[in-house]
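Engineer: What follows is input32.cif, made up of mmCIF, C-alpha atoms:
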```cif
data_my_file
loop_
_atom_site.group_PDB
_atom_site.id
_atom_site.type_symbol
_atom_site.label_atom_id
_atom_site.label_comp_id
_atom_site.auth_asym_id
_atom_site.auth_seq_id
_atom_site.Cartn_x
_atom_site.Cartn_y
_atom_site.Cartn_z
ATOM 1 C CA MET H 872 -50.030 54.650 -46.212
ATOM 2 C CA SER H 873 -52.670 54.796 -48.913
ATOM 3 C CA SER H 874 -56.386 54.201 -48.939
ATOM 4 C CA GLN H 875 -57.631 50.860 -50.215
ATOM 5 C CA LEU H 876 -61.199 52.001 -50.806
ATOM 6 C CA THR H 877 -61.570 50.478 -54.245
ATOM 7 C CA SER H 878 -60.422 47.050 -53.072
ATOM 8 C CA GLU H 879 -61.525 47.115 -49.453
ATOM 9 C CA SER H 880 -65.078 47.784 -48.384
ATOM 10 C CA PRO H 881 -65.922 50.504 -45.939
ATOM 11 C CA ARG H 882 -66.745 47.484 -43.723
ATOM 12 C CA ARG H 883 -65.346 44.302 -45.303
ATOM 13 C CA ARG H 884 -63.432 42.802 -48.221
ATOM 14 C CA LEU H 885 -65.167 43.137 -51.571
ATOM 15 C CA ASN H 886 -65.315 41.316 -54.843
ATOM 16 C CA ALA H 887 -64.982 43.271 -58.115
ATOM 17 C CA ARG H 888 -68.719 43.956 -58.466
ATOM 18 C CA GLN H 889 -69.015 45.137 -54.864
ATOM 19 C CA SER H 890 -65.932 47.340 -55.298
ATOM 20 C CA GLU H 891 -67.591 48.972 -58.289
ATOM 21 C CA THR H 892 -70.731 49.619 -56.224
ATOM 22 C CA VAL H 893 -68.688 51.193 -53.429
ATOM 23 C CA GLU H 894 -66.843 53.349 -55.949
ATOM 24 C CA ARG H 895 -70.156 54.532 -57.411
ATOM 25 C CA LEU H 896 -71.494 55.314 -53.935
ATOM 26 C CA LEU H 897 -68.404 57.271 -52.920
ATOM 27 C CA THR H 898 -68.355 59.208 -56.193
ATOM 28 C CA ALA H 899 -72.067 59.953 -55.857
ATOM 29 C CA GLY H 900 -71.538 60.931 -52.223
ATOM 30 C CA GLN H 901 -68.844 63.421 -53.174
ATOM 31 C CA GLU H 902 -71.034 64.912 -55.922
ATOM 32 C CA GLU H 903 -74.074 65.098 -53.650
ATOM 33 C CA LEU H 904 -72.005 66.733 -50.915
ATOM 34 C CA ARG H 905 -70.776 69.399 -53.343
ATOM 35 C CA ASP H 906 -74.301 70.011 -54.682
ATOM 36 C CA VAL H 907 -76.440 70.075 -51.518
ATOM 37 C CA GLY H 908 -74.032 70.274 -48.562
ATOM 38 C CA HIS H 909 -73.606 67.935 -45.630
ATOM 39 C CA GLU H 910 -76.803 68.809 -43.777
ATOM 40 C CA ALA H 911 -79.180 68.071 -46.694
ATOM 41 C CA LEU H 912 -77.321 64.978 -47.908
ATOM 42 C CA THR H 913 -78.816 61.597 -47.027
ATOM 43 C CA ILE H 914 -77.722 58.069 -47.838
ATOM 44 C CA ARG H 915 -80.980 57.734 -49.804
ATOM 45 C CA THR H 916 -80.101 60.687 -52.080
ATOM 46 C CA VAL H 917 -76.591 59.307 -52.539
ATOM 47 C CA ALA H 918 -78.059 55.906 -53.463
ATOM 48 C CA LEU H 919 -80.383 57.527 -55.998
ATOM 49 C CA ARG H 920 -77.483 59.407 -57.586
ATOM 50 C CA ALA H 921 -75.380 56.219 -57.657
ATOM 51 C CA GLY H 922 -78.210 54.230 -59.264
ATOM 52 C CA VAL H 923 -78.515 51.710 -56.439
ATOM 53 C CA SER H 924 -81.226 50.983 -53.883
ATOM 54 C CA PRO H 925 -81.033 52.552 -50.421
ATOM 55 C CA ALA H 926 -80.768 49.027 -48.973
ATOM 56 C CA THR H 927 -77.698 48.403 -51.111
ATOM 57 C CA ALA H 928 -76.173 51.714 -50.031
ATOM 58 C CA TYR H 929 -76.713 50.856 -46.367
ATOM 59 C CA THR H 930 -74.950 47.541 -46.936
ATOM 60 C CA TYR H 931 -71.728 49.516 -47.385
ATOM 61 C CA LEU H 932 -72.330 52.790 -45.539
ATOM 62 C CA ALA H 933 -73.765 52.822 -42.028
ATOM 63 C CA SER H 934 -74.587 56.539 -42.048
ATOM 64 C CA LYS H 935 -73.748 59.795 -43.717
ATOM 65 C CA HIS H 936 -71.055 60.327 -41.075
ATOM 66 C CA HIS H 937 -69.517 57.046 -42.177
ATOM 67 C CA LEU H 938 -69.665 58.307 -45.786
ATOM 68 C CA PHE H 939 -67.989 61.613 -44.846
ATOM 69 C CA ALA H 940 -65.189 59.837 -42.979
ATOM 70 C CA GLU H 941 -64.608 57.505 -45.956
ATOM 71 C CA LEU H 942 -64.519 60.470 -48.343
ATOM 72 C CA PHE H 943 -62.132 62.384 -46.086
ATOM 73 C CA LEU H 944 -59.701 59.483 -45.805
ATOM 74 C CA ARG H 945 -59.857 58.937 -49.541
ATOM 75 C CA HIS H 946 -59.265 62.638 -50.217
ATOM 76 C CA ILE H 947 -56.356 62.994 -47.780
ATOM 77 C CA ALA H 948 -54.684 59.790 -48.956
ATOM 78 C CA SER H 949 -55.135 60.485 -52.665
ATOM 79 C CA ASP H 950 -52.361 63.057 -52.964
ATOM 80 C CA ASP H 951 -48.663 62.285 -52.858
ATOM 81 C CA GLY H 952 -48.475 62.021 -49.088
ATOM 82 C CA ALA H 953 -45.062 60.411 -49.221
ATOM 83 C CA LYS H 954 -43.549 63.432 -50.952
ATOM 84 C CA VAL H 955 -41.209 65.353 -48.680
ATOM 85 C CA ALA H 956 -39.812 68.802 -49.489
ATOM 86 C CA GLY H 957 -37.574 71.207 -47.613
ATOM 87 C CA ASP H 958 -33.947 71.577 -46.629
ATOM 88 C CA THR H 959 -34.420 71.269 -42.871
ATOM 89 C CA VAL H 960 -36.515 68.980 -40.688
ATOM 90 C CA ALA H 961 -38.721 71.921 -39.701
ATOM 91 C CA GLU H 962 -39.315 72.853 -43.348
ATOM 92 C CA ARG H 963 -40.187 69.266 -44.240
ATOM 93 C CA VAL H 964 -42.638 68.948 -41.340
ATOM 94 C CA GLN H 965 -44.168 72.336 -42.183
ATOM 95 C CA TYR H 966 -44.552 71.177 -45.787
ATOM 96 C CA ALA H 967 -46.310 67.998 -44.609
ATOM 97 C CA ALA H 968 -48.716 69.949 -42.378
ATOM 98 C CA ARG H 969 -49.464 72.483 -45.103
ATOM 99 C CA GLY H 970 -50.115 69.639 -47.534
ATOM 100 C CA VAL H 971 -52.899 68.285 -45.312
ATOM 101 C CA VAL H 972 -54.458 71.743 -44.943
ATOM 102 C CA ASP H 973 -54.237 72.361 -48.697
ATOM 103 C CA ARG H 974 -56.079 69.085 -49.346
ATOM 104 C CA ILE H 975 -58.841 70.158 -46.961
ATOM 105 C CA VAL H 976 -59.153 73.626 -48.506
ATOM 106 C CA ALA H 977 -59.613 71.959 -51.917
ATOM 107 C CA GLU H 978 -62.935 70.428 -50.731
ATOM 108 C CA PRO H 979 -64.715 72.962 -48.468
ATOM 109 C CA GLU H 980 -67.984 70.991 -48.232
ATOM 110 C CA LEU H 981 -66.082 67.907 -47.136
ATOM 111 C CA ALA H 982 -64.162 69.983 -44.587
ATOM 112 C CA ALA H 983 -67.473 71.226 -43.151
ATOM 113 C CA ALA H 984 -68.894 67.693 -43.034
ATOM 114 C CA VAL H 985 -65.988 65.761 -41.580
ATOM 115 C CA THR H 986 -65.530 67.456 -38.186
ATOM 116 C CA PRO H 987 -68.940 66.490 -36.766
ATOM 117 C CA ALA H 988 -68.645 63.106 -38.470
ATOM 118 C CA LEU H 989 -65.317 62.265 -36.825
ATOM 119 C CA LEU H 990 -66.566 63.344 -33.406
ATOM 120 C CA GLY H 991 -69.348 60.734 -33.474
ATOM 121 C CA SER H 992 -69.370 57.317 -31.839
ATOM 122 C CA ASP H 993 -70.205 55.195 -34.905
ATOM 123 C CA PRO H 994 -67.835 52.162 -34.872
ATOM 124 C CA ASP H 995 -67.272 52.452 -38.631
ATOM 125 C CA VAL H 996 -66.204 56.076 -38.138
ATOM 126 C CA ALA H 997 -63.981 55.105 -35.191
ATOM 127 C CA ARG H 998 -62.104 52.662 -37.438
ATOM 128 C CA LEU H 999 -61.621 55.386 -40.045
ATOM 129 C CA ARG H 1000 -60.424 57.874 -37.414
ATOM 130 C CA LEU H 1001 -57.565 55.476 -36.723
ATOM 131 C CA ARG H 1002 -56.702 55.237 -40.418
ATOM 132 C CA ILE H 1003 -56.809 59.032 -40.800
ATOM 133 C CA GLY H 1004 -54.544 59.380 -37.757
ATOM 134 C CA ALA H 1005 -52.185 56.806 -39.254
ATOM 135 C CA GLU H 1006 -52.058 58.874 -42.449
ATOM 136 C CA PHE H 1007 -50.986 61.926 -40.429
ATOM 137 C CA VAL H 1008 -48.384 59.882 -38.522
ATOM 138 C CA SER H 1009 -46.981 58.497 -41.772
ATOM 139 C CA ARG H 1010 -46.555 61.968 -43.273
ATOM 140 C CA PHE H 1011 -44.841 63.364 -40.201
ATOM 141 C CA GLU H 1012 -42.592 60.314 -39.820
ATOM 142 C CA ALA H 1013 -41.378 60.756 -43.402
ATOM 143 C CA ALA H 1014 -40.794 64.470 -42.836
ATOM 144 C CA LEU H 1015 -38.841 63.943 -39.600
ATOM 145 C CA HIS H 1016 -36.215 61.727 -41.245
ATOM 146 C CA GLU H 1017 -33.078 63.401 -42.524
ATOM 147 C CA PRO H 1018 -32.505 62.385 -46.160
ATOM 148 C CA GLY H 1019 -29.798 59.756 -46.440
ATOM 149 C CA THR H 1020 -29.803 58.875 -42.739
ATOM 150 C CA SER H 1021 -30.584 55.557 -41.133
ATOM 151 C CA ASP H 1022 -34.106 54.235 -40.726
ATOM 152 C CA GLU H 1023 -34.052 55.007 -37.018
ATOM 153 C CA PRO H 1024 -37.632 55.722 -35.908
ATOM 154 C CA ALA H 1025 -38.730 59.300 -35.370
ATOM 155 C CA ASP H 1026 -38.888 60.580 -31.794
ATOM 156 C CA ALA H 1027 -42.251 59.211 -30.608
ATOM 157 C CA ALA H 1028 -42.939 62.161 -28.291
ATOM 158 C CA VAL H 1029 -42.300 64.729 -31.033
ATOM 159 C CA LEU H 1030 -44.420 62.725 -33.465
ATOM 160 C CA GLU H 1031 -47.296 62.546 -30.985
ATOM 161 C CA VAL H 1032 -47.204 66.302 -30.333
ATOM 162 C CA LEU H 1033 -47.180 67.020 -34.072
ATOM 163 C CA VAL H 1034 -50.222 64.797 -34.684
ATOM 164 C CA LEU H 1035 -52.058 66.295 -31.698
ATOM 165 C CA THR H 1036 -51.277 69.788 -32.956
ATOM 166 C CA LEU H 1037 -52.544 69.034 -36.456
ATOM 167 C CA SER H 1038 -55.676 67.325 -35.093
ATOM 168 C CA GLY H 1039 -56.386 70.256 -32.790
ATOM 169 C CA ALA H 1040 -55.921 72.739 -35.616
ATOM 170 C CA LEU H 1041 -58.298 70.748 -37.828
ATOM 171 C CA LEU H 1042 -60.879 70.696 -35.046
ATOM 172 C CA GLN H 1043 -60.589 74.469 -34.601
ATOM 173 C CA GLY H 1044 -60.927 74.939 -38.347
ATOM 174 C CA GLY H 1045 -63.977 72.683 -38.429
ATOM 175 C CA MET H 1046 -65.588 74.642 -35.588
ATOM 176 C CA GLY H 1047 -64.914 77.932 -37.386
ATOM 177 C CA VAL H 1048 -62.509 79.210 -34.728
ATOM 178 C CA MET H 1049 -60.000 79.961 -37.486
ATOM 179 C CA GLY H 1050 -59.945 79.855 -41.260
ATOM 180 C CA TYR H 1051 -57.914 77.258 -43.110
ATOM 181 C CA ASP H 1052 -55.549 79.875 -44.583
ATOM 182 C CA GLU H 1053 -54.809 81.094 -41.067
ATOM 183 C CA MET H 1054 -54.495 77.495 -39.887
ATOM 184 C CA ALA H 1055 -51.694 76.739 -42.352
ATOM 185 C CA ASP H 1056 -49.687 79.743 -41.154
ATOM 186 C CA ARG H 1057 -50.286 78.968 -37.491
ATOM 187 C CA LEU H 1058 -49.288 75.345 -37.989
ATOM 188 C CA GLU H 1059 -45.992 76.485 -39.492
ATOM 189 C CA SER H 1060 -45.319 78.540 -36.348
ATOM 190 C CA ALA H 1061 -46.381 75.672 -34.078
ATOM 191 C CA VAL H 1062 -44.086 73.231 -35.902
ATOM 192 C CA ALA H 1063 -41.154 75.623 -35.485
ATOM 193 C CA VAL H 1064 -41.808 75.783 -31.724
ATOM 194 C CA ILE H 1065 -42.252 72.004 -31.365
ATOM 195 C CA LEU H 1066 -39.058 71.221 -33.232
ATOM 196 C CA ARG H 1067 -36.939 73.925 -31.600
ATOM 197 C CA GLY H 1068 -34.202 72.057 -29.731
ATOM 198 C CA ASN H 1069 -35.694 68.635 -30.573
ATOM 199 C CA VAL H 1070 -34.014 67.988 -33.922
#
```
The structure in this file should be written as structure tokens.

Structural biologist:
Amino acid sequence: MSSQLTSESPRRRLNARQSETVERLLTAGQEELRDVGHEALTIRTVALRAGVSPATAYTYLASKHHLFAELFLRHIASDDGAKVAGDTVAERVQYAARGVVDRIVAEPELAAAVTPALLGSDPDVARLRLRIGAEFVSRFEAALHEPGTSDEPADAAVLEVLVLTLSGALLQGGMGVMGYDEMADRLESAVAVILRGNV
């Protein structure tokens, strides 16, 4: 699954001009986040950086939490999520989990911003939570398939536990319970336990 942010609005379908405006807002949002951090960032400062009015910015972004969720989905989906590496199922799933963590480590300000954003009740964020979850499911589904085997679906229970484990680890990382380097190692151990006897 890949993000459609340049052709699909954070809230609705866009024409070419609107898509360009959204792209400018998201780029400005990422730059502003890196420069001032998630607490100081406002949609108004993002609009100023993007060269659009605050009213225009609010047409596409309901809140800064909505912006952070859009940026997170875009960031996670922008790497080669379909790539699978490893000789065993466990190695492939561990590779998929580490890939998500590596993407998060690459943008520390976004990592700090996205946890509180995703925990909110904003309907635009709720929609993006589902898309982010679908991205995780897609990566794990690809990793669970043996190369050259049939297209039989992955074990739904194993898939659910893997996604819950990754989500829980990301929450703990976002709360500062563990660092992201530690998280990657602990996820590898968790994947080994989950898959023991199941594949």

Engineer: List, as a CSV table (one decimal) with C-alpha atoms, keeping the file's coordinate frame, every residue that the PyMOL selection byres ((chain H and resi 1040-1057) around 10) selects in the file provided.

Structural biologist:
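Done, and the output landed in out-v7.csv:
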```csv
chain,number,residue,atom,x,y,z
H,965,GLN,CA,-44.2,72.3,-42.2
H,966,TYR,CA,-44.6,71.2,-45.8
H,968,ALA,CA,-48.7,69.9,-42.4
H,969,ARG,CA,-49.5,72.5,-45.1
H,970,GLY,CA,-50.1,69.6,-47.5
H,971,VAL,CA,-52.9,68.3,-45.3
H,972,VAL,CA,-54.5,71.7,-44.9
H,973,ASP,CA,-54.2,72.4,-48.7
H,975,ILE,CA,-58.8,70.2,-47.0
H,976,VAL,CA,-59.2,73.6,-48.5
H,979,PRO,CA,-64.7,73.0,-48.5
H,982,ALA,CA,-64.2,70.0,-44.6
H,983,ALA,CA,-67.5,71.2,-43.2
H,984,ALA,CA,-68.9,67.7,-43.0
H,985,VAL,CA,-66.0,65.8,-41.6
H,986,THR,CA,-65.5,67.5,-38.2
H,987,PRO,CA,-68.9,66.5,-36.8
H,989,LEU,CA,-65.3,62.3,-36.8
H,990,LEU,CA,-66.6,63.3,-33.4
H,1034,VAL,CA,-50.2,64.8,-34.7
H,1035,LEU,CA,-52.1,66.3,-31.7
H,1036,THR,CA,-51.3,69.8,-33.0
H,1037,LEU,CA,-52.5,69.0,-36.5
H,1038,SER,CA,-55.7,67.3,-35.1
H,1039,GLY,CA,-56.4,70.3,-32.8
H,1058,LEU,CA,-49.3,75.3,-38.0
H,1059,GLU,CA,-46.0,76.5,-39.5
H,1060,SER,CA,-45.3,78.5,-36.3
H,1061,ALA,CA,-46.4,75.7,-34.1
H,1062,VAL,CA,-44.1,73.2,-35.9
H,1063,ALA,CA,-41.2,75.6,-35.5
```

Engineer: Would you compute the distance between CA of Ile914 in chain H and CA of Leu1001 in chain H? Give it in Å to one decimal.

Structural biologist: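 According to the coordinates, CA of Ile914 in chain H and CA of Leu1001 in chain H are separated by 23.2 Å.
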
Engineer: I want to know what sits within 12 Å of Leu919 in chain H, based on only C-alpha atoms, with residues of the same chain fewer than 2 positions away left out; could you give that as a PyMOL selection string?

Structural biologist: chain H and resi 895-896+899-900+902-903+912-917+921-928

Engineer: To one decimal place in Å, what is the distance between CA of Ala1014 in chain H and CA of Arg963 in chain H?

Structural biologist: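 A separation of 5.0 Å between them.
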
Engineer: Do you have the CA of Ala940 in chain H-CA of Val996 in chain H distance handy?

Structural biologist: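 A separation of 6.2 Å between them.
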
Engineer: Of the residues H:Leu944, H:Ala961, H:Ala988, H:Leu885, which is the one nearest to Ala1005 in chain H, using all atoms listed in the file?

Structural biologist: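 Under the stated criterion, the closest residue is H:Leu944.
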
Engineer: Let me make sure I understand: among H:Glu978, H:Glu1006, H:Glu1012, H:Asp958, which one has the smallest atom-to-atom distance to Ala1025 in chain H if we use all atoms listed in the file?

Structural biologist: H:Glu1012

Engineer: Pick out the closest residue to Leu1030 in chain H from this set: H:Val907, H:Val964, H:Leu999, H:Leu897. Count only C-alpha atoms.

Structural biologist: H:Val964

Engineer: Check the smallest atom-to-atom distance from each of H:Ile1065, H:Ile1003, H:Leu932, H:Val1008 to Val960 in chain H using all atoms listed in the file, then report the winner.

Structural biologist: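 Smallest distance to Val960 in chain H is found for H:Ile1065.
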
Engineer: Starting from the displayed file, determine the output of the PyMOL selection byres ((chain H and resi 933) around 10) and express the residue list as a PyMOL selection string.

Structural biologist: chain H and resi 881-882+914+928-932+934-938+993-996
